[in-house]
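A quick write-up on the structure given underneath.
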Amino acid sequence: MNDNSLLNEFTIFVLAIFIGFEVISKVPTILHTPLMSGTNAIHGIILVGAILIAATARDPLQIVLGLIAVILATINVVGGFVVTDRMLEMFKGRPTPSQKEKPNPKEKTPG
Amino acid sequence: MTVAVALAYLVAAVLFILGLIQLSSPKSARRGNQIAAVGMVIALLATIPLLHFTAPGIAITIVGILIGVPIGAVGARRVKMTAIPQMVALFNGVGGGAAAVVAVSELLLKGSHPLFAVAFPSVFSIVIGSVSFAGSLVAFAKLQALLTGTPITYPGQQIVNGALALAILALAVYLIAIASTPLIFVPLLVLGLVLGVAFVLPIGGADMPVVISLLNAFTGLAVAAGGFVLGNFALIVAGTLVGASGTLLTKLMSDAMGRSLGNVLFGAFGTVTAGPAGAASAEGKSVRSGTPEDIATLLAYSRKVIIVPGYGLAVAQGQHAVRELADELEQRGVEVEYAIHPVAGRMPGHMNVLLAEANVPYEQLKEMDQINDEFKSADVALVVGANDVVNPAAHNSPGSPIYGMPILNADQAKNIVFMKRSMRPGFAGIDNELLYDPKTVMLFGDAKDSLMKLVAAVKAA
């Protein structure tokens with residue numbers, strides 16, 4: 001029944017709000033940027049919506065809109081996850097003092 | 001929606017939530033992002049059985065993905081660490097744009113007199129999505145220095161913005177309640193784009209992270225609304241999670257700057273005004289500037305040095321040079337620590353990312369609360385490319401725009417060394433009296449060049 005499904009959707013919506021608040025209530029400042037970037041990637045889920053409208057496109061307007069939506073949403077989802085991973089990659093290990101490499105060899109001018 | 005698809009969406013939603021939880025802790029953050037990415041792949045695969053492809057439909061889906069993947073991947077791989085904030089803005093903007101386009105398409109498909117349950121979320125998604133798209137592009141332009149970073153203001157600006165918002169509201173009500181044609185979406189979309197631009201223009205560059213975070217939450221909500229339009233649970237859950245967590249994150253970020261969100265959004269913070277407070281008194285004060293050799297000697301014979309890195313260090317790509325200097329000092333037995341202001345760099349946590357890139361040991365990075373009492377015992381506070389975050393005006397002059405902002409107590413160190421390009425004020429556009437303090441020595445120049453000179457001079461000392 002149609003009314004029921006709207007009610008179900010609304011229930012999920014309200015519960016998701018609470019979860020969204022709850023999961024990040026204690027996040028250290030250093031993770032604010034990665035977290036923003038990570039949530040940014042998650043709303044790339046709009047790609048699901050973009051594909052849903054693109055797949056059934058018939059007339060030229062629908063085709064144009066579908067193509068734009070898929071391109072934009074794909075950039076969001078791929079770029080979002082990759083850039084977040086790049087940021088977090090750097091948090092993982094600390095080098096032991098012995099394996100410190102000298103940075104910027106290019107800087108050394110001869111003589 | 002079949003049971004199998006619904007269950008797969010549930011798995012994806014659980015993975016998003018687990019991912020967010022793990023993203024909130026430094027040890028598990030990277031895994032959290034990967035878990036969320038797995039959730040995304042599952043959600044996308046689960047959607048395939050729902051699709052009834054037309055011939056052009058399958059073509060544009062594949063072509064669209066083939067165009068989008070390299071743009072997103074190459075953009076994210078190539079971007080310099082210093083440019084990450086604007087990259088996030090860009091990725092957020094395109095997501096908002098996609099949400100608006102999806103809603104437009106679905107609204108057109110339903111024809112005249114759409115049901116309220118479709119019309120309302122469509123209109124919401126179109127407006128919020130287009131605001132987020134245009135606002136993010138302006139934020140990108142400001143951070144990329146395509147637009148000035150100072151607030152762009154004019155008299156009556158808030159009234160104009162308010163009128164824009166009211167016009168959008170009126171149009172939205174008309175479309176939902178009365179209009180017989182969905183074509184009303186065109187003016188809505190246009191007004192949404194205009195409002196996005198108008199809303200971000202008066203906000204200063206230093207506040208852009210907070211704005212991007214807010215627009216990120218907006219996009220999440222637009223996506224959730226798209227979920228209502230399409231009757232798709234995955235969009236509702238993921239979009240709402242981002243909307244809620246993004247809103248909270250926005251608040252945490254403005255808290256870290258010691259300001260209210262309203263002040264960030266409508267305060268036009270950083271406007272260069274003829275300030276009555278500190279600016280006038282700066283005239284005629286003298287500044288002491290030193291040679292790299294003087295400063296190297298000072299550093300080399302200190303017991304404890306606290307480095308305060310700021311955005312200037314990031315711009316100059318000096319994070320490797322600063323670590324080299326720290327290594328050199330440590331070999332001479334000097335204790336070195338880094339004091340990281342919550343908003344050092346251009347985004348909270350940005351400086352940690354940059355220094356981690358240069359392999360600075362994690363335990364040397366101290367957050368503001370941990371280190372603020374240690375400045376008293378430090379021989380030198382070495383301020384590299386930072387300014388506003390050590391401005392004592394935040395403590396001392398109630399008239400200053402940054403009064404009340406939490407700062408690093410660099411002024412309590414026995415000596416202060418400022419490495420700056422010039423006497424120009426920082427992002428907040430206000431003068432820093434610490435520059436004129438008798439304990440302060442200036443070393444002018446590009447942060448990286450100066451650091452290299454210091455490294456050489458310390459080696460010789």
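Starting from 1 in every chain, residues are counted up; chains themselves are A, B, ... following the order of the structure tokens, and ligands are numbered from 1 as listed.
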> Among range 200-315 of chain B, which residues carry a DSSP assignment of strand (DSSP E or B), reported as number ranges by chain?
Replying inline: B: 289, 304-309
> What's the 12 Å shell around Leu15 in chain A, counting only C-alpha atoms, without same-chain residues fewer than 2 positions away, as an NGL selection string?
Replying inline: (:A and (8-13 or 17-22)) or (:B and (236-238 or 240-241 or 244))
With N, CA and C atoms kept, could you save the residues just selected as a compact mmCIF listing (two decimals), in the first residue's frame?
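Resulting contents of part04.txt:
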```txt
# COMPACT_ATOMS: atom_id res chain seq x y z
N ASN A 8 6.98 4.14 5.95
CA ASN A 8 8.22 3.40 6.17
C ASN A 8 9.44 4.25 5.86
N GLU A 9 9.35 4.92 4.71
CA GLU A 9 10.47 5.77 4.31
C GLU A 9 10.72 6.86 5.35
N PHE A 10 9.63 7.44 5.83
CA PHE A 10 9.77 8.51 6.80
C PHE A 10 10.38 8.00 8.10
N THR A 11 9.96 6.81 8.51
CA THR A 11 10.51 6.20 9.72
C THR A 11 12.02 6.03 9.60
N ILE A 12 12.43 5.50 8.45
CA ILE A 12 13.86 5.29 8.22
C ILE A 12 14.61 6.62 8.26
N PHE A 13 14.00 7.62 7.64
CA PHE A 13 14.60 8.96 7.60
C PHE A 13 14.87 9.48 9.01
N ILE A 17 18.54 10.08 11.02
CA ILE A 17 19.01 11.35 11.58
C ILE A 17 19.70 11.10 12.92
N PHE A 18 19.04 10.30 13.75
CA PHE A 18 19.61 10.05 15.08
C PHE A 18 20.94 9.31 14.98
N ILE A 19 20.98 8.33 14.09
CA ILE A 19 22.24 7.59 13.95
C ILE A 19 23.35 8.53 13.46
N GLY A 20 22.99 9.37 12.48
CA GLY A 20 23.98 10.31 11.94
C GLY A 20 24.57 11.19 13.02
N PHE A 21 23.74 11.68 13.92
CA PHE A 21 24.24 12.51 15.02
C PHE A 21 25.09 11.69 15.96
N GLU A 22 24.61 10.48 16.25
CA GLU A 22 25.24 9.66 17.28
C GLU A 22 26.65 9.21 16.89
N ILE B 236 17.82 7.29 0.82
CA ILE B 236 17.28 7.93 2.03
C ILE B 236 18.25 7.75 3.20
N VAL B 237 18.70 6.51 3.41
CA VAL B 237 19.56 6.25 4.57
C VAL B 237 20.90 6.98 4.43
N ALA B 238 21.56 6.78 3.29
CA ALA B 238 22.90 7.37 3.15
C ALA B 238 22.82 8.90 3.16
N THR B 240 20.55 10.83 4.49
CA THR B 240 20.21 11.36 5.81
C THR B 240 21.39 11.25 6.77
N LEU B 241 22.11 10.14 6.70
CA LEU B 241 23.30 9.99 7.56
C LEU B 241 24.26 11.16 7.33
N ALA B 244 22.78 14.52 8.65
CA ALA B 244 22.82 14.67 10.09
C ALA B 244 24.25 14.81 10.60
```
>> Near chain A, meaning an atom within 6 Å, which residues of chain B appear when counting only C-alpha atoms? Write them as a PyMOL selection string.
In response: chain B and resi 21+24+30+44+53-54+57-58+60+64-65+68+72-73+76+91-92+94-95+98+101-102+220+223+237+239-242+244-245+348-349+356-357+361
> Can you tell me, as JSON, numbers by chain, what residues are no more than 9 Å from Ala119 in chain B when counting only C-alpha atoms, ignoring any on the same chain fewer than 2 positions away?
Replying inline: {"B": [107, 113, 114, 115, 116, 117, 121, 122, 123, 124, 175, 176, 177, 182, 229]}
Could you turn the residues from that selection into a file that holds N, CA and C atoms, as a tab-separated table (two decimals), in the first residue's frame?
```tsv
chain	number	residue	atom	x	y	z
B	107	LEU	N	10.67	14.63	-11.82
B	107	LEU	CA	9.51	15.50	-11.79
B	107	LEU	C	8.90	15.61	-13.19
B	113	HIS	N	0.53	17.92	-12.36
B	113	HIS	CA	-0.08	17.61	-11.06
B	113	HIS	C	0.53	16.40	-10.38
B	114	PRO	N	1.82	16.44	-10.09
B	114	PRO	CA	2.42	15.30	-9.39
B	114	PRO	C	1.86	15.20	-7.97
B	115	LEU	N	1.90	14.01	-7.43
B	115	LEU	CA	1.48	13.80	-6.04
B	115	LEU	C	2.36	14.63	-5.10
B	116	PHE	N	1.78	15.01	-3.99
B	116	PHE	CA	2.54	15.77	-2.99
B	116	PHE	C	3.80	14.99	-2.58
B	117	ALA	N	3.64	13.69	-2.41
B	117	ALA	CA	4.76	12.87	-1.94
B	117	ALA	C	5.92	12.85	-2.93
B	121	PRO	N	9.42	16.45	-2.07
B	121	PRO	CA	10.85	16.14	-2.03
B	121	PRO	C	11.59	16.55	-3.31
B	122	SER	N	10.89	16.53	-4.46
B	122	SER	CA	11.56	16.96	-5.70
B	122	SER	C	11.98	18.41	-5.59
B	123	VAL	N	11.04	19.23	-5.19
B	123	VAL	CA	11.33	20.66	-5.07
B	123	VAL	C	12.46	20.89	-4.07
B	124	PHE	N	12.39	20.20	-2.94
B	124	PHE	CA	13.43	20.32	-1.92
B	124	PHE	C	14.80	19.95	-2.51
B	175	LEU	N	4.46	25.59	-6.90
B	175	LEU	CA	4.65	24.37	-7.71
B	175	LEU	C	3.99	23.17	-7.05
B	176	ILE	N	4.13	23.08	-5.74
B	176	ILE	CA	3.61	21.90	-5.05
B	176	ILE	C	2.08	21.93	-5.00
B	177	ALA	N	1.52	23.11	-4.73
B	177	ALA	CA	0.08	23.17	-4.44
B	177	ALA	C	-0.77	23.45	-5.67
B	182	PRO	N	5.10	20.98	-14.46
B	182	PRO	CA	6.34	20.88	-13.68
B	182	PRO	C	7.42	21.84	-14.17
B	229	VAL	N	11.76	10.77	-3.58
B	229	VAL	CA	11.19	10.91	-4.93
B	229	VAL	C	11.19	9.56	-5.64
```
> What is the distance, in Å and to one decimal place, between CA of Asn232 in chain B and CA of Gly246 in chain B?
Replying inline: 21.1 Å
>> Between CA of Met253 in chain B and CA of Val211 in chain B, what distance in Å does the model show, to one decimal?
In response: 9.9 Å
>> Report as number ranges by chain all protein, DNA and RNA residues lying within 7 Å of range 399-406 of chain B, evaluated on only C-alpha atoms, omitting residues in the same chain fewer than 5 positions from it.
In response: B: 257-258, 277, 393-394
> Among range 107-138 of chain B, which ones does DSSP place in alpha helix (DSSP H), written as a PyMOL selection string?
Replying inline: chain B and resi 107-110+116-138
How would the residues just chosen look if you wrote them out with N, CA and C atoms as an mmCIF file, in the first residue's frame?
```cif
data_model
loop_
_atom_site.group_PDB
_atom_site.id
_atom_site.type_symbol
_atom_site.label_atom_id
_atom_site.label_comp_id
_atom_site.auth_asym_id
_atom_site.auth_seq_id
_atom_site.Cartn_x
_atom_site.Cartn_y
_atom_site.Cartn_z
ATOM 1 N N LEU B 107 10.671 14.625 -11.820
ATOM 2 C CA LEU B 107 9.506 15.501 -11.794
ATOM 3 C C LEU B 107 8.899 15.608 -13.191
ATOM 4 N N LEU B 108 9.757 15.744 -14.199
ATOM 5 C CA LEU B 108 9.269 15.843 -15.576
ATOM 6 C C LEU B 108 8.556 14.559 -15.986
ATOM 7 N N LEU B 109 9.076 13.445 -15.514
ATOM 8 C CA LEU B 109 8.517 12.145 -15.869
ATOM 9 C C LEU B 109 7.101 11.987 -15.321
ATOM 10 N N LYS B 110 6.855 12.557 -14.143
ATOM 11 C CA LYS B 110 5.537 12.386 -13.516
ATOM 12 C C LYS B 110 4.484 13.273 -14.177
ATOM 13 N N PHE B 116 1.777 15.005 -3.988
ATOM 14 C CA PHE B 116 2.543 15.766 -2.994
ATOM 15 C C PHE B 116 3.795 14.994 -2.580
ATOM 16 N N ALA B 117 3.645 13.693 -2.407
ATOM 17 C CA ALA B 117 4.761 12.866 -1.940
ATOM 18 C C ALA B 117 5.924 12.853 -2.926
ATOM 19 N N VAL B 118 5.656 13.242 -4.177
ATOM 20 C CA VAL B 118 6.731 13.359 -5.157
ATOM 21 C C VAL B 118 7.160 14.819 -5.291
ATOM 22 N N ALA B 119 6.152 15.701 -5.392
ATOM 23 C CA ALA B 119 6.443 17.110 -5.653
ATOM 24 C C ALA B 119 7.276 17.734 -4.531
ATOM 25 N N PHE B 120 6.900 17.463 -3.292
ATOM 26 C CA PHE B 120 7.602 18.118 -2.191
ATOM 27 C C PHE B 120 9.085 17.745 -2.129
ATOM 28 N N PRO B 121 9.417 16.448 -2.070
ATOM 29 C CA PRO B 121 10.850 16.137 -2.032
ATOM 30 C C PRO B 121 11.590 16.548 -3.310
ATOM 31 N N SER B 122 10.886 16.529 -4.464
ATOM 32 C CA SER B 122 11.556 16.961 -5.699
ATOM 33 C C SER B 122 11.983 18.408 -5.592
ATOM 34 N N VAL B 123 11.036 19.234 -5.186
ATOM 35 C CA VAL B 123 11.327 20.661 -5.074
ATOM 36 C C VAL B 123 12.457 20.891 -4.069
ATOM 37 N N PHE B 124 12.389 20.195 -2.939
ATOM 38 C CA PHE B 124 13.434 20.319 -1.924
ATOM 39 C C PHE B 124 14.796 19.953 -2.514
ATOM 40 N N SER B 125 14.827 18.831 -3.209
ATOM 41 C CA SER B 125 16.087 18.352 -3.762
ATOM 42 C C SER B 125 16.629 19.314 -4.823
ATOM 43 N N ILE B 126 15.734 19.861 -5.655
ATOM 44 C CA ILE B 126 16.172 20.792 -6.705
ATOM 45 C C ILE B 126 16.784 22.048 -6.071
ATOM 46 N N VAL B 127 16.077 22.602 -5.085
ATOM 47 C CA VAL B 127 16.558 23.849 -4.488
ATOM 48 C C VAL B 127 17.855 23.626 -3.718
ATOM 49 N N ILE B 128 17.839 22.659 -2.792
ATOM 50 C CA ILE B 128 19.014 22.440 -1.950
ATOM 51 C C ILE B 128 20.196 21.956 -2.783
ATOM 52 N N GLY B 129 19.912 21.079 -3.748
ATOM 53 C CA GLY B 129 20.981 20.580 -4.611
ATOM 54 C C GLY B 129 21.625 21.704 -5.406
ATOM 55 N N SER B 130 20.816 22.622 -5.941
ATOM 56 C CA SER B 130 21.407 23.689 -6.742
ATOM 57 C C SER B 130 22.129 24.711 -5.865
ATOM 58 N N VAL B 131 21.609 24.973 -4.667
ATOM 59 C CA VAL B 131 22.334 25.854 -3.739
ATOM 60 C C VAL B 131 23.706 25.252 -3.434
ATOM 61 N N SER B 132 23.712 23.945 -3.150
ATOM 62 C CA SER B 132 24.963 23.272 -2.809
ATOM 63 C C SER B 132 25.940 23.295 -3.988
ATOM 64 N N PHE B 133 25.416 23.058 -5.186
ATOM 65 C CA PHE B 133 26.263 23.060 -6.384
ATOM 66 C C PHE B 133 26.926 24.420 -6.578
ATOM 67 N N ALA B 134 26.096 25.469 -6.638
ATOM 68 C CA ALA B 134 26.642 26.808 -6.906
ATOM 69 C C ALA B 134 27.506 27.296 -5.743
ATOM 70 N N GLY B 135 27.045 27.043 -4.508
ATOM 71 C CA GLY B 135 27.814 27.474 -3.338
ATOM 72 C C GLY B 135 29.177 26.808 -3.290
ATOM 73 N N SER B 136 29.222 25.516 -3.604
ATOM 74 C CA SER B 136 30.493 24.792 -3.579
ATOM 75 C C SER B 136 31.453 25.328 -4.628
ATOM 76 N N LEU B 137 30.898 25.693 -5.802
ATOM 77 C CA LEU B 137 31.771 26.231 -6.844
ATOM 78 C C LEU B 137 32.373 27.568 -6.399
ATOM 79 N N VAL B 138 31.583 28.396 -5.715
ATOM 80 C CA VAL B 138 32.119 29.664 -5.216
ATOM 81 C C VAL B 138 33.187 29.391 -4.151
#
```
>> I'd like the neighbourhood of Val264 in chain B as a VMD selection string, where a residue qualifies if any of its atoms comes within 8 Å (using only C-alpha atoms), though same-chain residues fewer than 6 positions away should be ignored.
In response: chain B and resid 203 207 210 254
>> So the first atom is CA of Lys142 in chain B and the second is CA of Val390 in chain B; what is the distance between them in Å, to one decimal place?
In response: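 According to the coordinates, CA of Lys142 in chain B and CA of Val390 in chain B are separated by 23.9 Å.
Of the residues under consideration (B:Val334, B:Val88, B:Val3, B:Ala410), B:Val88 shows the shortest atom-to-atom contact distance to Met347 in chain B when counting only C-alpha atoms.
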>> Excluding range 158-174 of chain B and its own-chain neighbours fewer than 3 positions away, which residues fall within 9 Å of it when counting only C-alpha atoms? Please give them as a PyMOL selection string.
In response: chain B and resi 120+123-124+127+155+177-179+184-185+187-188+191-192+194-195+198-199+266
